[in-house]
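Source file: coords.cif. Holds: mmCIF, C-alpha atoms.
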```cif
data_entry
#
loop_
_atom_site.group_PDB
_atom_site.id
_atom_site.type_symbol
_atom_site.label_atom_id
_atom_site.label_comp_id
_atom_site.auth_asym_id
_atom_site.auth_seq_id
_atom_site.Cartn_x
_atom_site.Cartn_y
_atom_site.Cartn_z
ATOM 1 C CA MET A 1 -4.787 -3.887 21.055
ATOM 2 C CA SER A 2 -2.011 -6.174 19.823
ATOM 3 C CA GLY A 3 -4.452 -8.669 18.317
ATOM 4 C CA HIS A 4 -6.074 -5.860 16.402
ATOM 5 C CA SER A 5 -2.638 -4.733 15.234
ATOM 6 C CA LYS A 6 -1.816 -8.178 13.836
ATOM 7 C CA TRP A 7 -5.149 -8.374 12.080
ATOM 8 C CA SER A 8 -4.763 -4.884 10.591
ATOM 9 C CA THR A 9 -1.281 -5.697 9.327
ATOM 10 C CA ILE A 10 -2.331 -8.956 7.693
ATOM 11 C CA LYS A 11 -5.346 -7.253 6.121
ATOM 12 C CA HIS A 12 -3.004 -4.682 4.574
ATOM 13 C CA LYS A 13 -0.740 -7.411 3.177
ATOM 14 C CA LYS A 14 -3.746 -9.251 1.785
ATOM 15 C CA GLY A 15 -4.832 -5.976 0.200
ATOM 16 C CA ALA A 16 -2.057 -6.346 -2.359
ATOM 17 C CA LEU A 17 -3.922 -9.349 -3.745
ATOM 18 C CA ASP A 18 -7.107 -7.294 -4.000
ATOM 19 C CA ALA A 19 -5.241 -4.643 -5.966
ATOM 20 C CA LYS A 20 -4.190 -7.236 -8.549
ATOM 21 C CA ARG A 21 -7.851 -8.120 -9.058
ATOM 22 C CA GLY A 22 -8.822 -4.477 -9.307
ATOM 23 C CA ALA A 23 -11.192 -4.860 -6.366
ATOM 24 C CA LEU A 24 -9.268 -2.562 -4.063
ATOM 25 C CA PHE A 25 -9.090 0.254 -6.619
ATOM 26 C CA THR A 26 -12.838 -0.048 -7.171
ATOM 27 C CA LYS A 27 -13.464 0.420 -3.450
ATOM 28 C CA LEU A 28 -11.009 3.305 -3.190
ATOM 29 C CA ALA A 29 -12.543 5.088 -6.182
ATOM 30 C CA ARG A 30 -16.010 4.731 -4.699
ATOM 31 C CA GLU A 31 -14.888 6.290 -1.416
ATOM 32 C CA LEU A 32 -13.175 9.158 -3.271
ATOM 33 C CA THR A 33 -16.318 9.840 -5.270
ATOM 34 C CA VAL A 34 -18.630 9.856 -2.247
ATOM 35 C CA ALA A 35 -16.228 11.994 -0.206
ATOM 36 C CA ALA A 36 -15.953 14.578 -3.009
ATOM 37 C CA LYS A 37 -19.716 14.603 -3.525
ATOM 38 C CA GLU A 38 -20.435 15.202 0.152
ATOM 39 C CA GLY A 39 -17.721 17.720 0.994
ATOM 40 C CA GLY A 40 -16.410 19.122 -2.296
ATOM 41 C CA GLY A 41 -13.372 18.339 -4.390
ATOM 42 C CA ASP A 42 -10.793 20.321 -2.390
ATOM 43 C CA PRO A 43 -8.992 17.999 0.059
ATOM 44 C CA ALA A 44 -7.753 20.994 2.055
ATOM 45 C CA MET A 45 -11.381 21.796 2.918
ATOM 46 C CA ASN A 46 -12.664 18.220 3.005
ATOM 47 C CA PRO A 47 -11.032 15.961 5.668
ATOM 48 C CA ARG A 48 -12.823 12.841 4.459
ATOM 49 C CA LEU A 49 -11.538 13.372 0.920
ATOM 50 C CA ARG A 50 -8.021 14.029 2.195
ATOM 51 C CA LEU A 51 -8.046 10.724 4.077
ATOM 52 C CA ALA A 52 -9.426 8.924 1.020
ATOM 53 C CA ILE A 53 -6.683 10.375 -1.188
ATOM 54 C CA ASP A 54 -4.014 9.426 1.362
ATOM 55 C CA LYS A 55 -5.331 5.867 1.501
ATOM 56 C CA ALA A 56 -5.435 5.643 -2.300
ATOM 57 C CA ARG A 57 -1.827 6.799 -2.518
ATOM 58 C CA GLN A 58 -0.749 4.363 0.193
ATOM 59 C CA ASN A 59 -2.199 1.595 -1.970
ATOM 60 C CA ASN A 60 -0.431 2.842 -5.122
ATOM 61 C CA MET A 61 -3.568 3.951 -6.920
ATOM 62 C CA PRO A 62 -2.583 5.955 -10.053
ATOM 63 C CA MET A 63 -3.124 9.705 -9.773
ATOM 64 C CA ASP A 64 -5.231 9.664 -12.947
ATOM 65 C CA ASN A 65 -7.642 7.259 -11.254
ATOM 66 C CA ILE A 66 -7.745 9.402 -8.122
ATOM 67 C CA ASP A 67 -8.403 12.597 -10.077
ATOM 68 C CA ARG A 68 -11.096 10.895 -12.158
ATOM 69 C CA ALA A 69 -12.918 9.647 -9.063
ATOM 70 C CA VAL A 70 -12.757 13.074 -7.392
ATOM 71 C CA ARG A 71 -14.030 14.842 -10.517
ATOM 72 C CA LYS A 72 -16.853 12.340 -10.742
ATOM 73 C CA GLY A 73 -17.890 13.135 -7.195
ATOM 74 C CA SER A 74 -17.665 16.835 -7.901
ATOM 75 C CA GLY A 75 -20.130 16.460 -10.769
ATOM 76 C CA GLU A 76 -17.723 16.104 -13.700
ATOM 77 C CA GLY A 77 -18.151 13.022 -15.838
ATOM 78 C CA SER A 78 -20.697 11.379 -13.561
ATOM 79 C CA ASP A 79 -22.178 8.101 -14.774
ATOM 80 C CA GLY A 80 -25.354 8.696 -12.800
ATOM 81 C CA ALA A 81 -24.565 6.180 -10.057
ATOM 82 C CA HIS A 82 -25.623 7.285 -6.586
ATOM 83 C CA TYR A 83 -23.823 5.645 -3.694
ATOM 84 C CA GLU A 84 -25.034 5.686 -0.113
ATOM 85 C CA GLU A 85 -23.472 4.438 3.087
ATOM 86 C CA ALA A 86 -24.811 1.395 4.878
ATOM 87 C CA THR A 87 -23.641 -0.477 7.965
ATOM 88 C CA TYR A 88 -24.369 -4.115 8.751
ATOM 89 C CA GLU A 89 -23.799 -5.723 12.143
ATOM 90 C CA GLY A 90 -23.562 -9.382 12.950
ATOM 91 C CA TYR A 91 -21.759 -12.263 14.591
ATOM 92 C CA GLY A 92 -19.197 -14.678 13.274
ATOM 93 C CA PRO A 93 -18.483 -18.248 14.398
ATOM 94 C CA GLY A 94 -18.009 -18.324 18.144
ATOM 95 C CA GLY A 95 -20.056 -15.164 18.601
ATOM 96 C CA VAL A 96 -17.388 -12.592 17.712
ATOM 97 C CA ALA A 97 -18.686 -9.207 16.584
ATOM 98 C CA LEU A 98 -18.475 -8.107 12.951
ATOM 99 C CA LEU A 99 -19.087 -4.527 11.806
ATOM 100 C CA VAL A 100 -19.451 -4.165 8.034
ATOM 101 C CA GLN A 101 -19.368 -0.806 6.230
ATOM 102 C CA ALA A 102 -20.625 -0.459 2.670
ATOM 103 C CA LEU A 103 -21.032 2.088 -0.105
ATOM 104 C CA THR A 104 -23.796 0.867 -2.380
ATOM 105 C CA ASP A 105 -26.041 1.978 -5.211
ATOM 106 C CA ASN A 106 -28.545 -0.778 -4.367
ATOM 107 C CA ARG A 107 -29.201 -1.400 -0.669
ATOM 108 C CA ASN A 108 -31.433 -4.415 -1.329
ATOM 109 C CA ARG A 109 -28.737 -6.179 -3.351
ATOM 110 C CA THR A 110 -26.027 -5.441 -0.805
ATOM 111 C CA ALA A 111 -28.147 -6.513 2.173
ATOM 112 C CA SER A 112 -29.014 -9.768 0.414
ATOM 113 C CA ASP A 113 -25.358 -10.471 -0.455
ATOM 114 C CA VAL A 114 -24.190 -9.727 3.086
ATOM 115 C CA ARG A 115 -26.928 -11.874 4.648
ATOM 116 C CA THR A 116 -26.062 -14.806 2.380
ATOM 117 C CA ILE A 117 -22.353 -14.638 3.207
ATOM 118 C CA PHE A 118 -23.056 -14.486 6.943
ATOM 119 C CA SER A 119 -25.352 -17.485 6.710
ATOM 120 C CA ARG A 120 -23.000 -19.598 4.586
ATOM 121 C CA GLY A 121 -20.000 -18.611 6.696
ATOM 122 C CA GLY A 122 -21.396 -19.851 9.989
ATOM 123 C CA GLY A 123 -22.438 -16.429 11.282
ATOM 124 C CA ASN A 124 -25.651 -14.477 11.505
ATOM 125 C CA LEU A 125 -26.708 -10.922 10.752
ATOM 126 C CA GLY A 126 -27.834 -8.886 13.751
ATOM 127 C CA GLU A 127 -30.068 -5.891 14.344
ATOM 128 C CA SER A 128 -28.847 -2.313 13.986
ATOM 129 C CA GLY A 129 -26.893 -1.394 17.102
ATOM 130 C CA SER A 130 -26.304 -4.980 18.169
ATOM 131 C CA VAL A 131 -22.502 -4.816 17.929
ATOM 132 C CA ALA A 132 -21.575 -1.227 17.008
ATOM 133 C CA TRP A 133 -21.315 -0.277 20.684
ATOM 134 C CA GLN A 134 -18.318 -2.587 20.971
ATOM 135 C CA PHE A 135 -16.213 -0.382 18.652
ATOM 136 C CA ASP A 136 -14.819 3.152 18.785
ATOM 137 C CA LEU A 137 -13.659 5.331 15.903
ATOM 138 C CA LYS A 138 -9.891 5.721 16.223
ATOM 139 C CA ALA A 139 -6.957 7.202 14.352
ATOM 140 C CA ILE A 140 -4.650 4.280 13.604
ATOM 141 C CA VAL A 141 -1.135 4.480 12.190
ATOM 142 C CA ILE A 142 0.582 1.216 11.244
ATOM 143 C CA VAL A 143 4.228 0.641 10.334
ATOM 144 C CA GLU A 144 5.314 -2.760 9.075
ATOM 145 C CA ASP A 145 8.873 -4.020 9.571
ATOM 146 C CA ALA A 146 9.629 -1.303 12.135
ATOM 147 C CA PRO A 147 13.093 -1.594 13.756
ATOM 148 C CA GLU A 148 12.817 -2.641 17.384
ATOM 149 C CA GLU A 149 15.467 -0.122 18.440
ATOM 150 C CA VAL A 150 13.246 2.843 17.489
ATOM 151 C CA ALA A 151 9.973 1.404 18.773
ATOM 152 C CA GLU A 152 10.371 2.802 22.287
ATOM 153 C CA GLU A 153 11.337 6.235 20.955
ATOM 154 C CA VAL A 154 8.296 6.257 18.675
ATOM 155 C CA GLU A 155 6.069 5.150 21.544
ATOM 156 C CA LEU A 156 7.144 8.097 23.719
ATOM 157 C CA ALA A 157 6.732 10.559 20.851
ATOM 158 C CA ALA A 158 3.325 9.133 19.957
ATOM 159 C CA ILE A 159 2.089 9.425 23.532
ATOM 160 C CA ASP A 160 3.195 13.071 23.564
ATOM 161 C CA ALA A 161 1.248 13.504 20.306
ATOM 162 C CA GLY A 162 -1.949 12.138 21.851
ATOM 163 C CA ALA A 163 -1.754 8.357 21.419
ATOM 164 C CA ASP A 164 -3.766 6.314 23.881
ATOM 165 C CA ASP A 165 -2.429 2.942 22.737
ATOM 166 C CA VAL A 166 0.879 1.867 21.190
ATOM 167 C CA SER A 167 1.760 -1.748 20.421
ATOM 168 C CA PHE A 168 4.786 -3.420 18.865
ATOM 169 C CA ASP A 169 4.566 -7.072 17.877
ATOM 170 C CA ALA A 170 6.796 -9.053 15.515
ATOM 171 C CA GLY A 171 7.965 -5.902 13.751
ATOM 172 C CA SER A 172 4.496 -4.417 13.385
ATOM 173 C CA LEU A 173 4.079 -1.067 15.120
ATOM 174 C CA GLN A 174 0.586 0.309 15.680
ATOM 175 C CA VAL A 175 -0.279 3.689 17.162
ATOM 176 C CA ALA A 176 -3.876 4.530 18.043
ATOM 177 C CA GLY A 177 -5.564 7.665 19.350
ATOM 178 C CA GLU A 178 -8.568 9.918 18.991
ATOM 179 C CA PRO A 179 -9.650 10.706 15.401
ATOM 180 C CA SER A 180 -8.583 14.341 15.692
ATOM 181 C CA ALA A 181 -5.011 13.260 16.483
ATOM 182 C CA LEU A 182 -4.391 11.412 13.200
ATOM 183 C CA ASP A 183 -2.069 14.003 11.644
ATOM 184 C CA GLN A 184 -0.041 14.403 14.854
ATOM 185 C CA LEU A 185 0.321 10.640 15.303
ATOM 186 C CA ALA A 186 1.461 10.177 11.712
ATOM 187 C CA LYS A 187 3.979 13.011 12.157
ATOM 188 C CA ALA A 188 5.324 11.423 15.350
ATOM 189 C CA VAL A 189 6.083 8.317 13.289
ATOM 190 C CA THR A 190 7.546 10.042 10.212
ATOM 191 C CA ASP A 191 9.698 12.374 12.336
ATOM 192 C CA ARG A 192 11.481 9.241 13.600
ATOM 193 C CA GLY A 193 12.364 8.203 10.055
ATOM 194 C CA LEU A 194 9.592 5.623 9.636
ATOM 195 C CA THR A 195 7.128 5.451 6.763
ATOM 196 C CA PRO A 196 3.563 4.495 7.773
ATOM 197 C CA THR A 197 2.123 1.522 5.936
ATOM 198 C CA SER A 198 -1.263 3.086 6.579
ATOM 199 C CA ALA A 199 -2.642 6.069 8.481
ATOM 200 C CA SER A 200 -6.414 6.261 8.630
ATOM 201 C CA LEU A 201 -9.549 6.317 10.736
ATOM 202 C CA ALA A 202 -10.894 2.884 11.653
ATOM 203 C CA MET A 203 -13.326 1.231 14.021
ATOM 204 C CA ALA A 204 -11.247 -0.336 16.793
ATOM 205 C CA PRO A 205 -12.724 -2.918 19.187
ATOM 206 C CA ARG A 206 -13.021 -1.852 22.806
ATOM 207 C CA MET A 207 -12.119 -5.357 23.916
ATOM 208 C CA LEU A 208 -10.802 -8.374 22.041
ATOM 209 C CA VAL A 209 -12.558 -11.735 22.293
ATOM 210 C CA SER A 210 -10.502 -14.945 22.061
ATOM 211 C CA VAL A 211 -11.634 -17.543 19.540
ATOM 212 C CA GLU A 212 -10.571 -21.149 19.040
ATOM 213 C CA ALA A 213 -8.334 -21.906 16.068
ATOM 214 C CA SER A 214 -11.043 -23.722 14.086
ATOM 215 C CA GLN A 215 -13.547 -20.905 14.606
ATOM 216 C CA ALA A 216 -10.849 -18.339 13.857
ATOM 217 C CA VAL A 217 -10.151 -19.789 10.420
ATOM 218 C CA GLN A 218 -13.887 -19.943 9.723
ATOM 219 C CA THR A 219 -14.272 -16.303 10.785
ATOM 220 C CA LEU A 220 -11.340 -15.185 8.639
ATOM 221 C CA ARG A 221 -12.897 -16.889 5.627
ATOM 222 C CA LEU A 222 -16.207 -15.158 6.363
ATOM 223 C CA ILE A 223 -14.472 -11.771 6.510
ATOM 224 C CA ASP A 224 -12.621 -12.543 3.295
ATOM 225 C CA LYS A 225 -15.904 -13.300 1.515
ATOM 226 C CA LEU A 226 -17.441 -10.061 2.761
ATOM 227 C CA GLU A 227 -14.444 -8.015 1.645
ATOM 228 C CA ASP A 228 -14.626 -9.592 -1.809
ATOM 229 C CA LEU A 229 -17.943 -7.798 -2.386
ATOM 230 C CA ASP A 230 -17.469 -4.587 -4.394
ATOM 231 C CA ASP A 231 -19.975 -2.784 -2.170
ATOM 232 C CA ILE A 232 -18.081 -3.505 1.051
ATOM 233 C CA GLN A 233 -15.516 -0.936 2.110
ATOM 234 C CA ASN A 234 -14.435 -2.176 5.539
ATOM 235 C CA VAL A 235 -14.993 -5.124 7.858
ATOM 236 C CA TYR A 236 -14.045 -4.828 11.518
ATOM 237 C CA THR A 237 -14.047 -7.510 14.206
ATOM 238 C CA ASN A 238 -13.303 -7.838 17.906
ATOM 239 C CA ALA A 239 -11.876 -11.342 17.431
ATOM 240 C CA ASP A 240 -8.461 -12.044 18.941
ATOM 241 C CA PHE A 241 -7.153 -14.574 16.432
ATOM 242 C CA PRO A 242 -4.599 -17.216 17.507
ATOM 243 C CA ASP A 243 -1.197 -16.815 15.868
ATOM 244 C CA GLU A 244 -1.481 -20.156 14.082
ATOM 245 C CA ALA A 245 -4.779 -19.124 12.479
ATOM 246 C CA LEU A 246 -3.346 -15.792 11.333
ATOM 247 C CA ALA A 247 -0.268 -17.488 9.910
ATOM 248 C CA ALA A 248 -2.383 -19.965 7.978
ATOM 249 C CA TYR A 249 -4.621 -17.176 6.683
ATOM 250 C CA GLY A 250 -1.715 -14.972 5.668
ATOM 251 C CA ALA A 251 -0.121 -17.829 3.723
ATOM 252 C CA SER A 252 -3.302 -18.828 1.908
#
```

In structure tokens, how does this file's structure come out?
Amino acid sequence: MSGHSKWSTIKHKKGALDAKRGALFTKLARELTVAAKEGGGDPAMNPRLRLAIDKARQNNMPMDNIDRAVRKGSGEGSDGAHYEEATYEGYGPGGVALLVQALTDNRNRTASDVRTIFSRGGGNLGESGSVAWQFDLKAIVIVEDAPEEVAEEVELAAIDAGADDVSFDAGSLQVAGEPSALDQLAKAVTDRGLTPTSASLAMAPRMLVSVEASQAVQTLRLIDKLEDLDDIQNVYTNADFPDEALAAYGAS
């Protein structure tokens, strides 16, 4: 899953740019609101809300913003907006799979926006179920700039904690396992003195598909456009991007 690890790490670094535009905080607040609405405002009793709060904190979202979003979902100060989940499946240049998760208050608008971006980006939207089978929900813990000397120790501890995949590439450590093992995997990392860059549930590809450099750059631009939409929460792909394409994307 090393290709997935590189992609996840670069996405996190690019997320800092989203935060400057306010886009990331908008997405995080929407997830907090929906999680609180569905399972209540107590994170101890609502796993989805707890994960949303953890992710918001990892991305330096102010506590006032977090509390406001949770109260809104719990029925305090609601602006009347009703968000629902939607998933879009399609293919990028070269036929790689793309799984797009959204929280929207207007499904028609979101579907139209997503379809347009796929079409203009050299991809095409697929039917429901066309690519979802190529992904599994996983607990994923990522540490950037991890010292190589502790990587092996963390790997052994993570496996004992239930990890089914551990990769270390260019200082990026990724630990993956079943969703129920998220807390144990994160603890295996923190107990070794490392601070996770992110610890969350994500859709991980069962198998990576190699793409040519030109198609890789085109696919990365397509994903970027999708993630720029306020309604889109996550975009996952099974593309195994060449290092040169990732480097060019990360520097852009």

Report, as JSON, the centre and edge lengths in Å (one decimal) of the axis-aligned box enclosing every listed atom of region 243-250 of chain A, padded by 4 Å on each side.
```
{"center_x": -2.5, "center_y": -17.6, "center_z": 10.8, "size_x": 12.5, "size_y": 13.2, "size_z": 18.2}
```

Region 49-63 of chain A surroundings by only C-alpha atoms, 9 Å radius, close-in-sequence under 4 positions cut, as a list in words: Gly15, Ala16, Ala19, Leu24, Phe25, Leu28, Ala29, Glu31, Leu32, Thr33, Val34, Ala35, Ala36, Gly39, Gly40, Gly41, Asp42, Pro43, Ala44, Met45, Asp67, Arg68, Val70, Pro196, Thr197, Ser198, Ala199, Ser200 and Leu201 of chain A

Selection under test: the PyMOL selection byres ((chain A and resi 192) around 8); residues as a PyMOL selection string: chain A and resi 150+153-154+188-191+193-194

Serialized selection, C-alpha atoms, as a compact mmCIF listing (two decimals), keeping the file's coordinate frame:
```
# COMPACT_ATOMS: atom_id res chain seq x y z
CA VAL A 150 13.25 2.84 17.49
CA GLU A 153 11.34 6.24 20.96
CA VAL A 154 8.30 6.26 18.68
CA ALA A 188 5.32 11.42 15.35
CA VAL A 189 6.08 8.32 13.29
CA THR A 190 7.55 10.04 10.21
CA ASP A 191 9.70 12.37 12.34
CA GLY A 193 12.36 8.20 10.06
CA LEU A 194 9.59 5.62 9.64
```

Nearest-residue call for Ala97 (chain A), choices A:Gly123, A:Asp169, A:Gln215, A:Leu185, using all atoms listed in the file: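 Closest to Ala97 (chain A) of all the choices is A:Gly123.
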
Shell around Ile159 (chain A) at 10 Å using all atoms listed in the file, local window under 2 positions removed, as a list in words: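 These residues fall inside the cut-off: Val154, Glu155, Leu156, Ala157, Ala161, Gly162, Ala163, Asp164, Asp165, Val166, Val175, Ala176, Gly177, Leu185 and Ala188 of chain A.
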
Residue nearest Val211 (chain A) - candidates A:Ile232, A:Ala239, A:Leu125, A:Val114, atoms counted: only C-alpha atoms: A:Ala239

Point-to-point distance in Å for CA of Leu226 (chain A) and CA of Pro205 (chain A):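 CA of Pro205 (chain A) sits 18.5 Å away from CA of Leu226 (chain A).
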
Atomic separation - CA of Lys27 (chain A) relative to CA of Phe168 (chain A), Å: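 Separating CA of Phe168 (chain A) from CA of Lys27 (chain A) is a distance of 29.1 Å.
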
If the PyMOL selection byres ((chain A and resi 94) around 10) were run on this exact file, what residues would it hold? Put them as an mmCIF file with C-alpha atoms, keeping the file's coordinate frame.
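Written file, out_32.cif:
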```cif
data_model
loop_
_atom_site.group_PDB
_atom_site.id
_atom_site.type_symbol
_atom_site.label_atom_id
_atom_site.label_comp_id
_atom_site.auth_asym_id
_atom_site.auth_seq_id
_atom_site.Cartn_x
_atom_site.Cartn_y
_atom_site.Cartn_z
ATOM 1 C CA TYR A 91 -21.759 -12.263 14.591
ATOM 2 C CA GLY A 92 -19.197 -14.678 13.274
ATOM 3 C CA PRO A 93 -18.483 -18.248 14.398
ATOM 4 C CA GLY A 95 -20.056 -15.164 18.601
ATOM 5 C CA VAL A 96 -17.388 -12.592 17.712
ATOM 6 C CA ALA A 97 -18.686 -9.207 16.584
ATOM 7 C CA GLY A 122 -21.396 -19.851 9.989
ATOM 8 C CA GLY A 123 -22.438 -16.429 11.282
ATOM 9 C CA VAL A 209 -12.558 -11.735 22.293
ATOM 10 C CA SER A 210 -10.502 -14.945 22.061
ATOM 11 C CA VAL A 211 -11.634 -17.543 19.540
ATOM 12 C CA GLU A 212 -10.571 -21.149 19.040
ATOM 13 C CA SER A 214 -11.043 -23.722 14.086
ATOM 14 C CA GLN A 215 -13.547 -20.905 14.606
ATOM 15 C CA ALA A 216 -10.849 -18.339 13.857
ATOM 16 C CA GLN A 218 -13.887 -19.943 9.723
ATOM 17 C CA THR A 219 -14.272 -16.303 10.785
ATOM 18 C CA ALA A 239 -11.876 -11.342 17.431
#
```

Interatomic distance, CA of Ala86 (chain A) to CA of Arg120 (chain A) (Å, one decimal):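 A separation of 21.1 Å between them.
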
For Asn124 (chain A): contacts at 6 Å, only C-alpha atoms, fewer than 4 positions along chain excluded, given as JSON, numbers by chain: {"A": [90, 91, 118, 119]}
